[in-house]
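Report on the following structure.
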Amino acid sequence: MMPVLFALCAALAAVLCARVALQFYQLESYQFGGYFRALKRNWLRAFLPGIAAAAAGCLGALAAMWASPLAMLAVAAAAYVWQRRLKAKKPLVFTARVKRLLAFLLLVAALLAALIVRAFKALPFLLFEPALAPLVLALAALAALPLEKLIQRLYLRDAQKRLKARPDLIKIGITGSYGKTSAKYMLQAVLSEKYRVLITPGSFNTSMGVTRIIRERLMPDHQVFVAEMGARHLGDIRLLCKLVKPRYGMLTSVGPQHLETFHTQENICREKFELARAIPADGAMVFASDGGGLCEALYRKCTCPKHLSGETHEGLGLYAKDIEVGPWGSRFLLCDGKEEVPCQTRLLGAHNIGNLLLACTMGRVLGMDLETIARGAGKAQPVEHRLQLLTTPGGVTIIDDAFNANPVGADAALEVIRSFTGRKIVVTPGFVEMGEREAECNRTLGEHLAEVADIVVLVGRRHTAPIAEGLRAKGFAEERLHIVATLDESTVWLSGVLRAGDVLLYENDLPDNYQ
């Protein structure tokens, strides 16, 4: 009876202690590479619950052998409660996949406990199982993988079947290293002046996320479906194109995003170009003008019908002139080379005009007149956490750019606050997932911050060291630099510093698997 009780307690303790690891696995889109990198960054947080449970089991054994598994299980349960109470920007969601994985985890943990008893013929060795809970979870995820692949295939086929049943549906894919979510909402604002539009909400940009929206939200009266196509690995966009089969596409940007998984800029270019490869001869691709950069290089390479929009423009590409930007938003003349229509928006920053022009050009491709396009563009609203302007009762202006995580967007945000009057305060943890360029990009960010900010608050002491180096290299005064361990700590510090008239920019916010 004792071996069975001990093995059962060890298996349950391992399941309870794996909660943080399970959250990391979900945050990394159930990818093993990202999961193990998250464990490496957060090994103490991931392994501590299991180590504590194992230590409790050892102490319990000093009193009596029967007390050992109960002590271990009690501490594991307490650790689970502790893990649930940890603040998370994106908490663990108990989806159907997570529930299946938990069932596999319990099964694998029980089998592992039985194998330990049989191999070592000594119950104390079971104490090591909870301490290795994140690795046990990896084994369970590996065991569950064939079933998950089958379920994904069934869901994908169902979504494809639903789209195939709608030959009249206009399907548009949007991708880019940055700007794709903002451009998607702008496109919705423009096209909604003429069409009934469904977009993938928020950051639903993976194959399973897009599949879910198709299966749950696509209605017979929808005329346009816009799918945001994100990518962290080679092949992601090809899979999304196979699912959606877009007739039209938009490329917002190409830059050093997710270099940790793509490794090179060439791989990023190749991945983003997969959308253009998927566009049929009776469709069209709209590219953002980026001053002769990578977007324009891919535009020249593209063989399907294509348009270039922005400062440089070709085909049906629209452009803007007489641009004015300020704390109130932006206004400009929307031009197609033949006529000009005034347009005013609440969108902050000149860079957002580039994304808006992409959306306007797509409207032109779909047959909308310039006045209707401009009316829709004027209704575009700032996207949550992307240069979102907030005001407080105390007279402090907050610019929430927390979802931005790239150097181009950060520079654009700094240009935005430059146009504001008042003391400028920036809170940032810097950039992540930029591979070998991460330190260099963060150092450059520090140099740019020194030119604009009056006060800089860096979140995370070790990771932000290159930003601090860049600030100091530009002569930024040490008393104006404040370094804190967490975002909560920065909030406490700011509460005693902020005053009416201040402009506070939150630039980027690390995901939970980087805390």
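Naming scheme: A, B, ... for chains in displayed order of the structure tokens; residues 1 onward per chain; ligands 1 onward as shown.
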
Excluding segment 47-62 of chain A and its own-chain neighbours fewer than 3 positions away, which residues fall within 8 Å of it when counting only C-alpha atoms? Please give them as a CSV table (one decimal) with all heavy atoms, in the first residue's frame.
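selection-v9.csv, freshly written:
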```
chain,number,residue,atom,x,y,z
A,13,ALA,N,1.9,15.5,-7.1
A,13,ALA,CA,2.7,16.7,-6.7
A,13,ALA,C,3.4,17.2,-8.0
A,13,ALA,O,3.5,18.5,-8.2
A,13,ALA,CB,3.8,16.3,-5.7
A,14,ALA,N,3.8,16.3,-8.9
A,14,ALA,CA,4.5,16.8,-10.1
A,14,ALA,C,3.5,17.6,-11.0
A,14,ALA,O,3.9,18.6,-11.6
A,14,ALA,CB,5.0,15.6,-10.9
A,17,CYS,N,3.0,21.0,-9.4
A,17,CYS,CA,4.2,21.9,-9.4
A,17,CYS,C,4.5,22.4,-10.8
A,17,CYS,O,5.4,23.2,-11.0
A,17,CYS,CB,5.4,21.2,-8.8
A,17,CYS,SG,5.2,20.9,-7.0
A,18,ALA,N,3.8,21.9,-11.8
A,18,ALA,CA,4.1,22.2,-13.2
A,18,ALA,C,3.3,23.3,-13.8
A,18,ALA,O,3.4,23.7,-15.0
A,18,ALA,CB,3.9,20.9,-14.1
A,43,TRP,N,14.5,29.6,-14.7
A,43,TRP,CA,14.6,28.2,-14.1
A,43,TRP,C,14.2,28.2,-12.6
A,43,TRP,O,13.6,27.2,-12.1
A,43,TRP,CB,16.1,27.7,-14.2
A,43,TRP,CG,17.1,28.6,-13.5
A,43,TRP,CD1,17.8,29.6,-14.0
A,43,TRP,CD2,17.5,28.4,-12.1
A,43,TRP,NE1,18.6,30.2,-13.0
A,43,TRP,CE2,18.4,29.4,-11.9
A,43,TRP,CE3,17.2,27.5,-11.1
A,43,TRP,CZ2,19.0,29.5,-10.6
A,43,TRP,CZ3,17.8,27.6,-9.9
A,43,TRP,CH2,18.7,28.6,-9.6
A,44,LEU,N,14.5,29.3,-11.9
A,44,LEU,CA,14.1,29.3,-10.5
A,44,LEU,C,12.6,29.3,-10.3
A,44,LEU,O,12.1,28.5,-9.5
A,44,LEU,CB,14.8,30.5,-9.8
A,44,LEU,CG,14.6,30.6,-8.2
A,44,LEU,CD1,15.2,29.4,-7.6
A,44,LEU,CD2,15.2,31.9,-7.7
A,65,MET,N,8.0,7.4,7.4
A,65,MET,CA,7.9,7.2,6.0
A,65,MET,C,6.6,7.6,5.5
A,65,MET,O,6.4,8.1,4.4
A,65,MET,CB,8.3,5.8,5.7
A,65,MET,CG,8.4,5.5,4.1
A,65,MET,SD,9.5,6.7,3.3
A,65,MET,CE,11.1,6.2,3.9
A,66,TRP,N,5.5,7.3,6.2
A,66,TRP,CA,4.2,7.6,5.7
A,66,TRP,C,3.9,9.1,5.6
A,66,TRP,O,3.0,9.5,4.9
A,66,TRP,CB,3.1,6.9,6.6
A,66,TRP,CG,3.1,7.4,8.0
A,66,TRP,CD1,3.8,6.8,9.1
A,66,TRP,CD2,2.4,8.5,8.5
A,66,TRP,NE1,3.5,7.6,10.2
A,66,TRP,CE2,2.7,8.6,9.9
A,66,TRP,CE3,1.6,9.5,8.0
A,66,TRP,CZ2,2.2,9.6,10.7
A,66,TRP,CZ3,1.1,10.5,8.8
A,66,TRP,CH2,1.4,10.6,10.1
A,67,ALA,N,4.6,9.9,6.4
A,67,ALA,CA,4.4,11.3,6.4
A,67,ALA,C,5.1,12.0,5.3
A,67,ALA,O,4.7,13.1,4.9
A,67,ALA,CB,5.0,11.9,7.7
A,68,SER,N,6.1,11.3,4.6
A,68,SER,CA,6.8,11.9,3.6
A,68,SER,C,6.0,12.3,2.3
A,68,SER,O,6.0,13.4,1.9
A,68,SER,CB,8.0,11.0,3.1
A,68,SER,OG,8.7,11.5,2.1
A,69,PRO,N,5.2,11.3,1.8
A,69,PRO,CA,4.4,11.7,0.6
A,69,PRO,C,3.3,12.7,0.9
A,69,PRO,O,3.0,13.6,0.1
A,69,PRO,CB,3.8,10.4,0.2
A,69,PRO,CG,3.8,9.5,1.4
A,69,PRO,CD,5.0,9.9,2.1
A,70,LEU,N,2.7,12.7,2.1
A,70,LEU,CA,1.7,13.6,2.5
A,70,LEU,C,2.3,15.0,2.6
A,70,LEU,O,1.6,16.0,2.2
A,70,LEU,CB,1.0,13.2,3.8
A,70,LEU,CG,0.3,11.9,3.7
A,70,LEU,CD1,-0.3,11.5,5.1
A,70,LEU,CD2,-0.8,11.8,2.6
A,71,ALA,N,3.5,15.1,3.2
A,71,ALA,CA,4.1,16.4,3.3
A,71,ALA,C,4.5,17.0,1.9
A,71,ALA,O,4.3,18.2,1.7
A,71,ALA,CB,5.4,16.3,4.2
A,72,MET,N,4.9,16.1,1.1
A,72,MET,CA,5.3,16.5,-0.3
A,72,MET,C,4.0,17.0,-1.0
A,72,MET,O,4.1,18.1,-1.7
A,72,MET,CB,5.9,15.3,-1.0
A,72,MET,CG,6.2,15.6,-2.5
A,72,MET,SD,7.1,14.2,-3.3
A,72,MET,CE,5.9,12.9,-3.0
A,73,LEU,N,2.9,16.3,-0.9
A,73,LEU,CA,1.7,16.7,-1.6
A,73,LEU,C,1.1,18.0,-1.0
A,73,LEU,O,0.6,18.8,-1.8
A,73,LEU,CB,0.7,15.6,-1.5
A,73,LEU,CG,-0.6,15.7,-2.4
A,73,LEU,CD1,-0.2,15.8,-3.8
A,73,LEU,CD2,-1.5,14.5,-2.1
A,74,ALA,N,1.2,18.2,0.3
A,74,ALA,CA,0.7,19.4,0.9
A,74,ALA,C,1.5,20.6,0.4
A,74,ALA,O,0.9,21.7,0.1
A,74,ALA,CB,0.8,19.3,2.4
A,75,VAL,N,2.8,20.5,0.3
A,75,VAL,CA,3.6,21.7,-0.1
A,75,VAL,C,3.3,21.9,-1.6
A,75,VAL,O,3.3,23.1,-2.1
A,75,VAL,CB,5.1,21.4,0.1
A,75,VAL,CG1,5.9,22.5,-0.6
A,75,VAL,CG2,5.3,21.5,1.6
A,76,ALA,N,3.2,20.8,-2.4
A,76,ALA,CA,2.9,21.0,-3.8
A,76,ALA,C,1.5,21.7,-4.0
A,76,ALA,O,1.4,22.6,-4.9
A,76,ALA,CB,2.8,19.6,-4.5
A,79,ALA,N,2.1,25.3,-3.3
A,79,ALA,CA,2.8,25.9,-4.4
A,79,ALA,C,1.9,26.2,-5.5
A,79,ALA,O,2.0,27.2,-6.2
A,79,ALA,CB,4.0,25.0,-4.8
A,80,TYR,N,0.9,25.3,-5.8
A,80,TYR,CA,0.0,25.5,-6.9
A,80,TYR,C,-0.9,26.8,-6.6
A,80,TYR,O,-1.1,27.6,-7.5
A,80,TYR,CB,-0.9,24.3,-7.0
A,80,TYR,CG,-2.0,24.5,-8.1
A,80,TYR,CD1,-1.7,24.2,-9.4
A,80,TYR,CD2,-3.3,24.9,-7.8
A,80,TYR,CE1,-2.6,24.3,-10.4
A,80,TYR,CE2,-4.2,25.0,-8.8
A,80,TYR,CZ,-3.9,24.8,-10.1
A,80,TYR,OH,-4.8,24.9,-11.1
A,124,PRO,N,12.2,6.6,-1.5
A,124,PRO,CA,12.7,8.0,-1.5
A,124,PRO,C,13.1,8.6,-2.9
A,124,PRO,O,13.1,9.8,-3.0
A,124,PRO,CB,14.0,7.9,-0.6
A,124,PRO,CG,13.7,6.8,0.3
A,124,PRO,CD,12.9,5.8,-0.5
A,127,LEU,N,10.9,11.2,-4.6
A,127,LEU,CA,10.9,12.6,-4.2
A,127,LEU,C,11.5,13.5,-5.3
A,127,LEU,O,11.2,14.7,-5.3
A,127,LEU,CB,11.8,12.8,-2.9
A,127,LEU,CG,11.2,12.1,-1.6
A,127,LEU,CD1,12.2,12.3,-0.5
A,127,LEU,CD2,9.9,12.7,-1.2
A,128,PHE,N,12.3,12.9,-6.2
A,128,PHE,CA,12.9,13.7,-7.2
A,128,PHE,C,11.9,14.1,-8.3
A,128,PHE,O,12.1,15.0,-9.1
A,128,PHE,CB,14.1,12.9,-7.9
A,128,PHE,CG,15.2,12.8,-6.9
A,128,PHE,CD1,15.5,11.6,-6.3
A,128,PHE,CD2,16.1,13.9,-6.7
A,128,PHE,CE1,16.6,11.5,-5.4
A,128,PHE,CE2,17.2,13.8,-5.9
A,128,PHE,CZ,17.4,12.6,-5.2
A,129,GLU,N,10.8,13.3,-8.4
A,129,GLU,CA,9.8,13.6,-9.5
A,129,GLU,C,9.2,15.0,-9.5
A,129,GLU,O,9.2,15.7,-10.5
A,129,GLU,CB,8.7,12.5,-9.6
A,129,GLU,CG,7.9,12.7,-10.8
A,129,GLU,CD,6.9,11.5,-11.0
A,129,GLU,OE1,6.7,10.7,-10.0
A,129,GLU,OE2,6.2,11.4,-12.0
A,130,PRO,N,8.7,15.5,-8.4
A,130,PRO,CA,8.1,16.8,-8.4
A,130,PRO,C,9.2,17.9,-8.7
A,130,PRO,O,8.9,18.9,-9.4
A,130,PRO,CB,7.6,17.0,-7.0
A,130,PRO,CG,7.4,15.6,-6.5
A,130,PRO,CD,8.4,14.8,-7.1
A,131,ALA,N,10.5,17.6,-8.3
A,131,ALA,CA,11.5,18.6,-8.5
A,131,ALA,C,11.8,18.7,-10.0
A,131,ALA,O,12.4,19.7,-10.5
A,131,ALA,CB,12.8,18.2,-7.8
A,132,LEU,N,11.4,17.7,-10.8
A,132,LEU,CA,11.7,17.7,-12.3
A,132,LEU,C,10.4,18.0,-13.0
A,132,LEU,O,10.3,17.6,-14.2
A,132,LEU,CB,12.3,16.4,-12.7
A,132,LEU,CG,13.7,16.1,-12.0
A,132,LEU,CD1,14.1,14.7,-12.5
A,132,LEU,CD2,14.7,17.1,-12.4
A,133,ALA,N,9.4,18.6,-12.4
A,133,ALA,CA,8.1,18.7,-13.0
A,133,ALA,C,8.1,19.4,-14.4
A,133,ALA,O,7.4,18.9,-15.3
A,133,ALA,CB,7.2,19.5,-12.0
A,134,PRO,N,8.9,20.5,-14.6
A,134,PRO,CA,8.9,21.0,-16.0
A,134,PRO,C,9.4,20.1,-17.0
A,134,PRO,O,8.9,20.1,-18.2
A,134,PRO,CB,9.9,22.2,-15.8
A,134,PRO,CG,9.8,22.6,-14.4
A,134,PRO,CD,9.7,21.3,-13.7
```

| task | Return as a ChimeraX atom specification the full set of residues in segment 111-181 of chain A whose backbone-based DSSP assignment is alpha helix (DSSP H). | result | /A:111-120,128-131,133-164,180-181

| request: Write out as a list of chain:residue names each polymer residue whose atoms come within 12 Å of Arg37 of chain A, counting only C-alpha atoms; drop sequence neighbours fewer than 5 positions from it. | output: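 So the residues in contact are A:Ala21, A:Phe24, A:Tyr25, A:Leu27, A:Glu28, A:Gln31, A:Phe32, A:Asn42, A:Trp43, A:Ala46, A:Glu260, A:Thr261, A:Glu433, A:Asn513, A:Tyr514.
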
What does the file look like for those residues with C-alpha atoms, as a short mmCIF file (atom, residue, chain, number, x, y, z; two decimals), in the first residue's frame?
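Okay, out.cif is ready:
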```cif
data_model
loop_
_atom_site.label_atom_id
_atom_site.label_comp_id
_atom_site.auth_asym_id
_atom_site.auth_seq_id
_atom_site.Cartn_x
_atom_site.Cartn_y
_atom_site.Cartn_z
CA ALA A 21 5.91 25.55 -16.71
CA PHE A 24 5.38 29.03 -20.33
CA TYR A 25 4.52 26.23 -22.77
CA LEU A 27 2.93 31.39 -24.01
CA GLU A 28 5.47 29.87 -26.41
CA GLN A 31 6.74 25.07 -29.24
CA PHE A 32 9.47 23.04 -27.50
CA ASN A 42 13.16 31.44 -15.52
CA TRP A 43 14.62 28.23 -14.08
CA ALA A 46 9.79 27.02 -12.89
CA GLU A 260 15.92 34.33 -31.74
CA THR A 261 13.95 31.84 -33.84
CA GLU A 433 13.93 37.89 -29.06
CA ASN A 513 8.12 34.14 -19.97
CA TYR A 514 10.79 36.86 -19.77
#
```

Hey, what's within 9 Å of Leu198 of chain A if we count only C-alpha atoms and toss same-chain stuff fewer than 6 positions away? As a JSON list (two decimals) with C-alpha atoms, in the first residue's frame, please?
```json
[["chain", "number", "residue", "atom", "x", "y", "z"],
["A", 188, "GLN", "CA", -11.34, 47.26, -41.12],
["A", 217, "ARG", "CA", -17.21, 33.91, -36.05],
["A", 218, "LEU", "CA", -17.46, 33.76, -39.84],
["A", 219, "MET", "CA", -21.09, 34.49, -40.77],
["A", 222, "HIS", "CA", -19.54, 38.69, -44.08],
["A", 223, "GLN", "CA", -18.15, 39.95, -47.38],
["A", 224, "VAL", "CA", -14.49, 40.38, -46.41],
["A", 225, "PHE", "CA", -12.27, 38.25, -44.16],
["A", 226, "VAL", "CA", -8.97, 39.78, -43.02],
["A", 227, "ALA", "CA", -6.44, 37.39, -41.46]]
```

Taking 2 positions as the minimum chain separation for residues in the same chain, which residues sit within 7 Å of Glu228 of chain A when counting only C-alpha atoms? Answer as a VMD selection string. chain A and resid 173 to 175 180 to 181 184 200 205 226 230

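Take atom CA of Ala281 of chain A and atom CA of Arg247 of chain A: the distance between them is 8.7 Å.
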
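For the atom pair formed by atom CA of Arg346 of chain A and atom CA of Glu193 of chain A, the distance is 17.8 Å, given to one decimal.
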